[in-house]
>>> print(open('structure-v5.txt').read())   # compact mmCIF, C-alpha atoms and all ligand atoms
# COMPACT_ATOMS: atom_id res chain seq x y z
CA MET V 1 39.76 24.49 198.69
CA ASN V 2 38.16 23.27 201.89
CA GLU V 3 41.19 21.65 203.57
CA SER V 4 39.37 20.43 206.67
CA ALA V 5 36.82 18.46 204.64
CA HIS V 6 39.62 16.41 203.07
CA ALA V 7 42.24 16.09 205.77
CA ALA V 8 40.41 13.39 207.74
CA ARG V 9 39.13 11.42 204.76
CA PRO V 10 40.39 7.80 204.74
CA PRO V 11 41.65 6.15 201.58
CA GLU V 12 38.67 5.05 199.47
CA ARG V 13 37.98 1.49 198.38
CA PHE V 14 37.63 0.73 194.66
CA ASP V 15 36.45 -2.53 193.16
CA ARG V 16 38.40 -3.61 190.12
CA PRO V 17 36.22 -5.66 187.74
CA GLY V 18 37.22 -9.30 188.34
CA GLY V 19 39.98 -8.36 190.74
CA SER V 20 40.65 -7.66 194.38
CA PRO V 21 39.63 -4.32 195.86
CA TYR V 22 42.30 -1.69 196.29
CA PHE V 23 42.62 1.39 198.45
CA ARG V 24 43.97 4.71 197.33
CA ALA V 25 43.68 8.29 198.49
CA MET V 26 42.41 10.43 195.65
CA THR V 27 44.39 13.51 194.70
CA ILE V 28 43.15 17.02 194.09
CA ARG V 29 45.18 18.17 191.11
CA PRO V 30 45.99 21.81 190.24
CA LEU V 31 43.72 23.40 187.65
CA VAL V 32 45.07 24.79 184.38
CA ILE V 33 44.04 28.46 184.17
CA LEU V 34 43.64 30.86 181.22
CA PRO V 35 45.82 31.93 179.32
CA ASP V 36 47.65 28.57 179.59
CA THR V 37 47.96 27.33 176.00
CA ARG V 38 47.28 23.70 177.05
CA LEU V 39 43.61 24.69 177.16
CA ARG V 40 43.80 25.00 173.34
CA ALA V 41 45.04 21.42 172.81
CA VAL V 42 42.81 18.89 171.05
CA SER V 43 42.73 15.92 173.43
CA GLU V 44 43.57 12.37 172.32
CA PRO V 45 41.00 9.54 172.33
CA VAL V 46 41.35 6.92 175.09
CA SER V 47 42.08 3.53 173.50
CA ALA V 48 41.81 1.28 176.59
CA ILE V 49 40.41 1.61 180.10
CA THR V 50 43.44 0.89 182.25
CA ASP V 51 44.15 1.40 185.96
CA GLU V 52 45.87 4.67 184.98
CA ILE V 53 42.63 5.89 183.35
CA ARG V 54 40.59 4.79 186.38
CA ARG V 55 42.96 6.67 188.73
CA LEU V 56 42.83 9.75 186.52
CA ALA V 57 38.99 9.67 186.57
CA GLU V 58 39.02 9.37 190.39
CA ASP V 59 41.36 12.37 190.69
CA MET V 60 39.21 14.35 188.25
CA LEU V 61 36.08 13.70 190.35
CA GLU V 62 37.91 14.70 193.53
CA THR V 63 39.26 17.87 191.87
CA MET V 64 35.81 18.72 190.43
CA TYR V 65 34.00 18.28 193.78
CA ASP V 66 36.69 20.26 195.60
CA ALA V 67 36.58 23.25 193.19
CA PRO V 68 33.50 23.02 193.30
CA GLY V 69 32.28 22.41 189.77
CA VAL V 70 29.64 20.42 187.94
CA GLY V 71 32.03 19.26 185.22
CA LEU V 72 35.71 18.84 184.41
CA ALA V 73 37.68 17.85 181.31
CA ALA V 74 41.04 16.09 181.75
CA ILE V 75 42.89 18.91 179.96
CA GLN V 76 41.83 21.21 182.81
CA ILE V 77 44.28 19.28 184.98
CA GLY V 78 46.81 19.19 182.15
CA VAL V 79 46.05 15.73 180.74
CA PRO V 80 45.21 15.82 177.01
CA LYS V 81 42.92 12.76 177.01
CA ARG V 82 39.23 12.66 176.01
CA ILE V 83 37.83 12.15 179.52
CA VAL V 84 35.14 14.20 181.24
CA THR V 85 33.66 14.00 184.73
CA MET V 86 30.27 15.50 185.56
CA ASP V 87 27.80 15.70 188.42
CA VAL V 88 24.82 18.00 187.95
CA SER V 89 22.86 16.60 190.93
CA LYS V 90 21.55 19.27 193.28
CA SER V 91 22.30 17.43 196.52
CA GLU V 92 25.81 17.12 197.97
CA THR V 93 24.68 14.09 199.98
CA GLU V 94 23.36 12.20 196.95
CA ARG V 95 26.15 12.53 194.43
CA GLN V 96 25.62 11.25 190.90
CA PRO V 97 29.12 11.15 189.41
CA LEU V 98 29.51 10.45 185.71
CA VAL V 99 32.74 9.55 183.94
CA LEU V 100 32.58 9.98 180.17
CA ILE V 101 35.32 8.45 178.03
CA ASN V 102 35.51 9.67 174.41
CA PRO V 103 32.17 11.51 174.65
CA GLU V 104 30.49 12.91 171.54
CA VAL V 105 27.24 14.67 170.76
CA VAL V 106 25.28 12.51 168.30
CA TRP V 107 22.19 14.75 168.04
CA ALA V 108 21.40 18.34 168.98
CA SER V 109 18.04 20.12 168.96
CA GLU V 110 17.39 23.02 166.59
CA GLU V 111 15.96 24.85 169.57
CA LYS V 112 18.52 26.87 171.51
CA ARG V 113 18.69 28.05 175.09
CA VAL V 114 20.79 30.63 176.90
CA TYR V 115 22.56 29.65 180.11
CA GLU V 116 24.97 31.60 182.28
CA GLU V 117 28.19 29.56 182.14
CA GLY V 118 31.30 29.54 184.24
CA CYS V 119 34.57 27.67 183.81
CA LEU V 120 37.00 26.34 186.42
CA SER V 121 39.84 27.44 184.10
CA ILE V 122 38.47 31.01 183.96
CA PRO V 123 37.64 31.58 187.64
CA GLU V 124 34.96 34.03 188.70
CA TYR V 125 33.93 34.97 185.16
CA TYR V 126 30.37 34.19 184.07
CA GLU V 127 28.58 35.02 180.83
CA GLU V 128 25.47 33.92 178.98
CA VAL V 129 26.08 31.42 176.17
CA GLU V 130 23.56 30.13 173.61
CA ARG V 131 23.71 26.42 172.77
CA PRO V 132 21.32 23.68 171.59
CA ASP V 133 18.62 23.17 174.24
CA ARG V 134 18.73 19.34 174.16
CA VAL V 135 21.40 16.86 173.05
CA ARG V 136 21.94 13.12 172.80
CA PHE V 137 25.48 12.11 173.66
CA ARG V 138 27.42 8.87 173.44
CA TYR V 139 30.37 7.80 175.56
CA THR V 140 32.19 4.80 176.99
CA ASN V 141 31.87 4.29 180.75
CA LEU V 142 34.57 2.94 183.07
CA GLN V 143 33.16 -0.58 182.56
CA GLY V 144 33.90 -0.28 178.85
CA GLU V 145 30.22 -0.11 177.87
CA THR V 146 28.92 2.28 175.21
CA VAL V 147 26.17 4.47 176.65
CA GLU V 148 23.78 6.83 174.85
CA GLN V 149 22.01 9.41 176.97
CA ASP V 150 19.62 12.33 176.38
CA ALA V 151 20.17 15.58 178.22
CA ASP V 152 18.41 18.87 178.72
CA GLY V 153 18.85 21.77 181.13
CA LEU V 154 22.16 22.07 182.96
CA MET V 155 23.31 18.61 181.88
CA ALA V 156 22.91 19.54 178.18
CA THR V 157 24.84 22.78 178.70
CA CYS V 158 27.53 21.11 180.76
CA VAL V 159 28.20 18.18 178.41
CA GLN V 160 28.55 20.60 175.46
CA HIS V 161 30.89 22.83 177.49
CA GLU V 162 33.04 19.80 178.44
CA ILE V 163 33.20 18.34 174.91
CA ASP V 164 34.28 21.80 173.74
CA HIS V 165 37.21 21.54 176.21
CA LEU V 166 38.27 18.24 174.55
CA ASN V 167 38.50 20.16 171.27
CA GLY V 168 40.43 23.11 172.71
CA VAL V 169 37.35 25.34 172.69
CA LEU V 170 36.44 27.57 175.67
CA PHE V 171 33.05 29.08 176.47
CA ILE V 172 34.50 32.55 175.84
CA ASP V 173 34.89 31.51 172.17
CA HIS V 174 31.07 31.68 171.98
CA LEU V 175 31.11 35.35 173.04
CA SER V 176 31.83 38.48 171.00
CA LYS V 177 35.47 39.17 170.15
CA LEU V 178 35.31 42.28 172.32
CA LYS V 179 34.26 40.32 175.44
CA ARG V 180 36.71 37.49 174.73
CA ASP V 181 39.67 39.80 174.19
CA ARG V 182 38.80 41.66 177.38
CA VAL V 183 38.77 38.53 179.56
CA VAL V 184 41.91 37.03 177.96
CA LYS V 185 43.75 40.32 178.57
CA LYS V 186 42.63 40.39 182.22
CA PHE V 187 43.84 36.81 182.86
CA ALA V 188 47.12 37.37 180.95
CA LYS V 189 47.81 40.39 183.14
CA ALA V 190 47.06 38.40 186.32
CA ALA V 191 49.36 35.55 185.19
CA LYS V 192 52.18 38.03 184.52
CA ARG V 193 51.66 39.59 187.95
CA ASP V 194 51.79 36.13 189.61
CA ALA V 195 54.93 35.14 187.68
CA ASN V 196 56.70 38.32 188.84
CA GLY V 197 55.74 37.65 192.45
O1 LIG Q 201 34.36 22.69 182.75
C1 LIG Q 201 34.34 23.48 183.68
O2 LIG Q 201 35.07 24.44 183.69
C2 LIG Q 201 33.37 23.27 184.81
C3 LIG Q 201 32.17 24.19 184.76
C4 LIG Q 201 31.05 23.50 184.01
C5 LIG Q 201 29.88 24.35 183.62
C6 LIG Q 201 29.19 25.10 184.53
C7 LIG Q 201 28.09 25.84 184.13
C8 LIG Q 201 27.69 25.82 182.86
C9 LIG Q 201 28.38 25.10 181.97
C10 LIG Q 201 29.47 24.35 182.35
C11 LIG Q 201 31.75 24.49 186.19
O3 LIG Q 201 31.41 23.62 186.91
S1 LIG Q 201 31.81 26.14 186.71
C12 LIG Q 201 31.19 26.06 188.40
C13 LIG Q 201 29.71 25.94 188.47
O4 LIG Q 201 29.02 26.25 187.52
C14 LIG Q 201 29.06 25.41 189.68
C15 LIG Q 201 29.75 25.19 190.83
C16 LIG Q 201 29.12 24.69 191.95
C17 LIG Q 201 27.78 24.44 191.93
C18 LIG Q 201 27.07 24.67 190.77
C19 LIG Q 201 27.69 25.17 189.65
ZN ZN Q 202 35.26 24.94 181.51
>>> encode(input="structure-v5.txt", output="structure tokens")
Amino acid sequence: MNESAHAARPPERFDRPGGSPYFRAMTIRPLVILPDTRLRAVSEPVSAITDEIRRLAEDMLETMYDAPGVGLAAIQIGVPKRIVTMDVSKSETERQPLVLINPEVVWASEEKRVYEEGCLSIPEYYEEVERPDRVRFRYTNLQGETVEQDADGLMATCVQHEIDHLNGVLFIDHLSKLKRDRVVKKFAKAAKRDANG
């Protein structure tokens, strides 16, 4: 984490629809790391967009940018709700944050593509994964509107990776059993080492 980039940041202003603005410092929350079993939970749908959901989305964006990552599912900070944040823009100065509530893929191309994926819950491990090349996905935004969007390239890969998280699926589940077992073993060993000091 880049401490200096955050230390001097003032509380940010948020505009509540129909209400007065409020100020709140966003929080970088700890990431849930393999082999934590919470990563295998199937997350619950969000039934209403409340202030608590808005605050959670803000914290997810802050945590994702800090990591840094291009996506984050709420379960990766230990919250089993169907919320995803994403930003696949190339420029740090022109951020394009997306908050997806209850996202789902409604169409996927027959054509596949291979992309080298990483995961904030499996740090410093990258492998090629094959997924549909293009998808159409539907979600509710923070204004409560239903949005349908087409994606290709990194956005298509990322949204599929994040929706997998909501269903307790990790990108290593798309690899051979040999590779998966190897990485799970490595992270289990590291967790044991950390727990024993
Ligand atoms: O869900 C996650 O764990 C986040 C993950 C999303 C993802 C990345 C690549 C392919 C599929 C899904 C990450 O963001 S890993 C970090 C990463 O890829 C990245 C970080 C900084 C700049 C660009 C990419
Ligand atoms: Zn991930």
>>> residues_near_ligand(input="structure-v5.txt", ligand="ligand LIG 201 (chain Q)", cutoff="9 Å", atoms="only C-alpha atoms and all ligand atoms", output="PyMOL selection string")
chain V and resi 64-65+67-73+76+84-88+90+115-124+126+129+154-162+165+170-171
>>> closest_residue(input="structure-v5.txt", among="V:Val184, V:Pro80, V:Asn196, V:Ile172", to="Ala41 of chain V", atoms="only C-alpha atoms")
V:Pro80
>>> atom_distance(input="structure-v5.txt", atom1="atom CA of Ala25 of chain V", atom2="atom CA of Arg55 of chain V")
9.9 Å
>>> residues_near_point(input="structure-v5.txt", point="(21.5, 27.9, 178.3)", cutoff="6 Å", atoms="all atoms listed in the file", output="ChimeraX atom specification")
/V:113-115,130
>>> atom_distance(input="structure-v5.txt", atom1="atom CA of Ser47 of chain V", atom2="atom CA of Pro97 of chain V")
21.9 Å
>>> residues_near_point(input="structure-v5.txt", point="(36.6, 6.6, 185.7)", cutoff="12 Å", atoms="only C-alpha atoms", output="JSON, numbers by chain")
{"V": [14, 15, 16, 46, 48, 49, 50, 51, 52, 53, 54, 55, 56, 57, 58, 59, 60, 61, 62, 74, 82, 83, 84, 85, 86, 97, 98, 99, 100, 101, 102, 139, 140, 141, 142, 143, 144]}
>>> write_last_selection(input="structure-v5.txt", atoms="C-alpha atoms", output="mmCIF file, in the frame of the given file")
data_model
loop_
_atom_site.group_PDB
_atom_site.id
_atom_site.type_symbol
_atom_site.label_atom_id
_atom_site.label_comp_id
_atom_site.auth_asym_id
_atom_site.auth_seq_id
_atom_site.Cartn_x
_atom_site.Cartn_y
_atom_site.Cartn_z
ATOM 1 C CA PHE V 14 37.630 0.730 194.660
ATOM 2 C CA ASP V 15 36.450 -2.530 193.160
ATOM 3 C CA ARG V 16 38.400 -3.610 190.120
ATOM 4 C CA VAL V 46 41.350 6.920 175.090
ATOM 5 C CA ALA V 48 41.810 1.280 176.590
ATOM 6 C CA ILE V 49 40.410 1.610 180.100
ATOM 7 C CA THR V 50 43.440 0.890 182.250
ATOM 8 C CA ASP V 51 44.150 1.400 185.960
ATOM 9 C CA GLU V 52 45.870 4.670 184.980
ATOM 10 C CA ILE V 53 42.630 5.890 183.350
ATOM 11 C CA ARG V 54 40.590 4.790 186.380
ATOM 12 C CA ARG V 55 42.960 6.670 188.730
ATOM 13 C CA LEU V 56 42.830 9.750 186.520
ATOM 14 C CA ALA V 57 38.990 9.670 186.570
ATOM 15 C CA GLU V 58 39.020 9.370 190.390
ATOM 16 C CA ASP V 59 41.360 12.370 190.690
ATOM 17 C CA MET V 60 39.210 14.350 188.250
ATOM 18 C CA LEU V 61 36.080 13.700 190.350
ATOM 19 C CA GLU V 62 37.910 14.700 193.530
ATOM 20 C CA ALA V 74 41.040 16.090 181.750
ATOM 21 C CA ARG V 82 39.230 12.660 176.010
ATOM 22 C CA ILE V 83 37.830 12.150 179.520
ATOM 23 C CA VAL V 84 35.140 14.200 181.240
ATOM 24 C CA THR V 85 33.660 14.000 184.730
ATOM 25 C CA MET V 86 30.270 15.500 185.560
ATOM 26 C CA PRO V 97 29.120 11.150 189.410
ATOM 27 C CA LEU V 98 29.510 10.450 185.710
ATOM 28 C CA VAL V 99 32.740 9.550 183.940
ATOM 29 C CA LEU V 100 32.580 9.980 180.170
ATOM 30 C CA ILE V 101 35.320 8.450 178.030
ATOM 31 C CA ASN V 102 35.510 9.670 174.410
ATOM 32 C CA TYR V 139 30.370 7.800 175.560
ATOM 33 C CA THR V 140 32.190 4.800 176.990
ATOM 34 C CA ASN V 141 31.870 4.290 180.750
ATOM 35 C CA LEU V 142 34.570 2.940 183.070
ATOM 36 C CA GLN V 143 33.160 -0.580 182.560
ATOM 37 C CA GLY V 144 33.900 -0.280 178.850
#
>>> closest_residue(input="structure-v5.txt", among="V:Leu166, V:Glu111, V:Glu145, V:Arg180", to="ligand ZN 202 (chain Q)", atoms="all atoms listed in the file")
V:Leu166
>>> residues_around(input="structure-v5.txt", residues="Arg182 of chain V", least_positions_apart="6", cutoff="12 Å", atoms="all atoms listed in the file", output="list in words")
Tyr125, Ile172, Leu175, Ser176, Ala188 and Lys189 of chain V
>>> atom_distance(input="structure-v5.txt", atom1="atom CA of Thr27 of chain V", atom2="atom CA of Ser91 of chain V")
22.5 Å
>>> closest_residue(input="structure-v5.txt", among="V:Ala190, V:Ser89, V:Glu104, V:Pro132", to="Ile33 of chain V", atoms="only C-alpha atoms")
V:Ala190
>>> closest_residue(input="structure-v5.txt", among="V:Gln149, V:Arg29, V:Ile77, V:Asp66", to="ligand ZN 202 (chain Q)", atoms="all atoms listed in the file")
V:Ile77
>>> closest_residue(input="structure-v5.txt", among="V:Met26, V:Ile163, V:Val147, V:Val105", to="ligand ZN 202 (chain Q)", atoms="all atoms listed in the file")
V:Ile163
>>> closest_residue(input="structure-v5.txt", among="V:Ala195, V:Leu178, V:Ala151, V:Leu39", to="ligand ZN 202 (chain Q)", atoms="only C-alpha atoms and all ligand atoms")
V:Leu39
>>> axis_aligned_box(input="structure-v5.txt", around="segment 95-102 of chain V", padding_each_side="5 Å", output="AutoDock Vina command-line options")
--center_x 30.6 --center_y 10.5 --center_z 184.4 --size_x 19.9 --size_y 14.1 --size_z 30.0
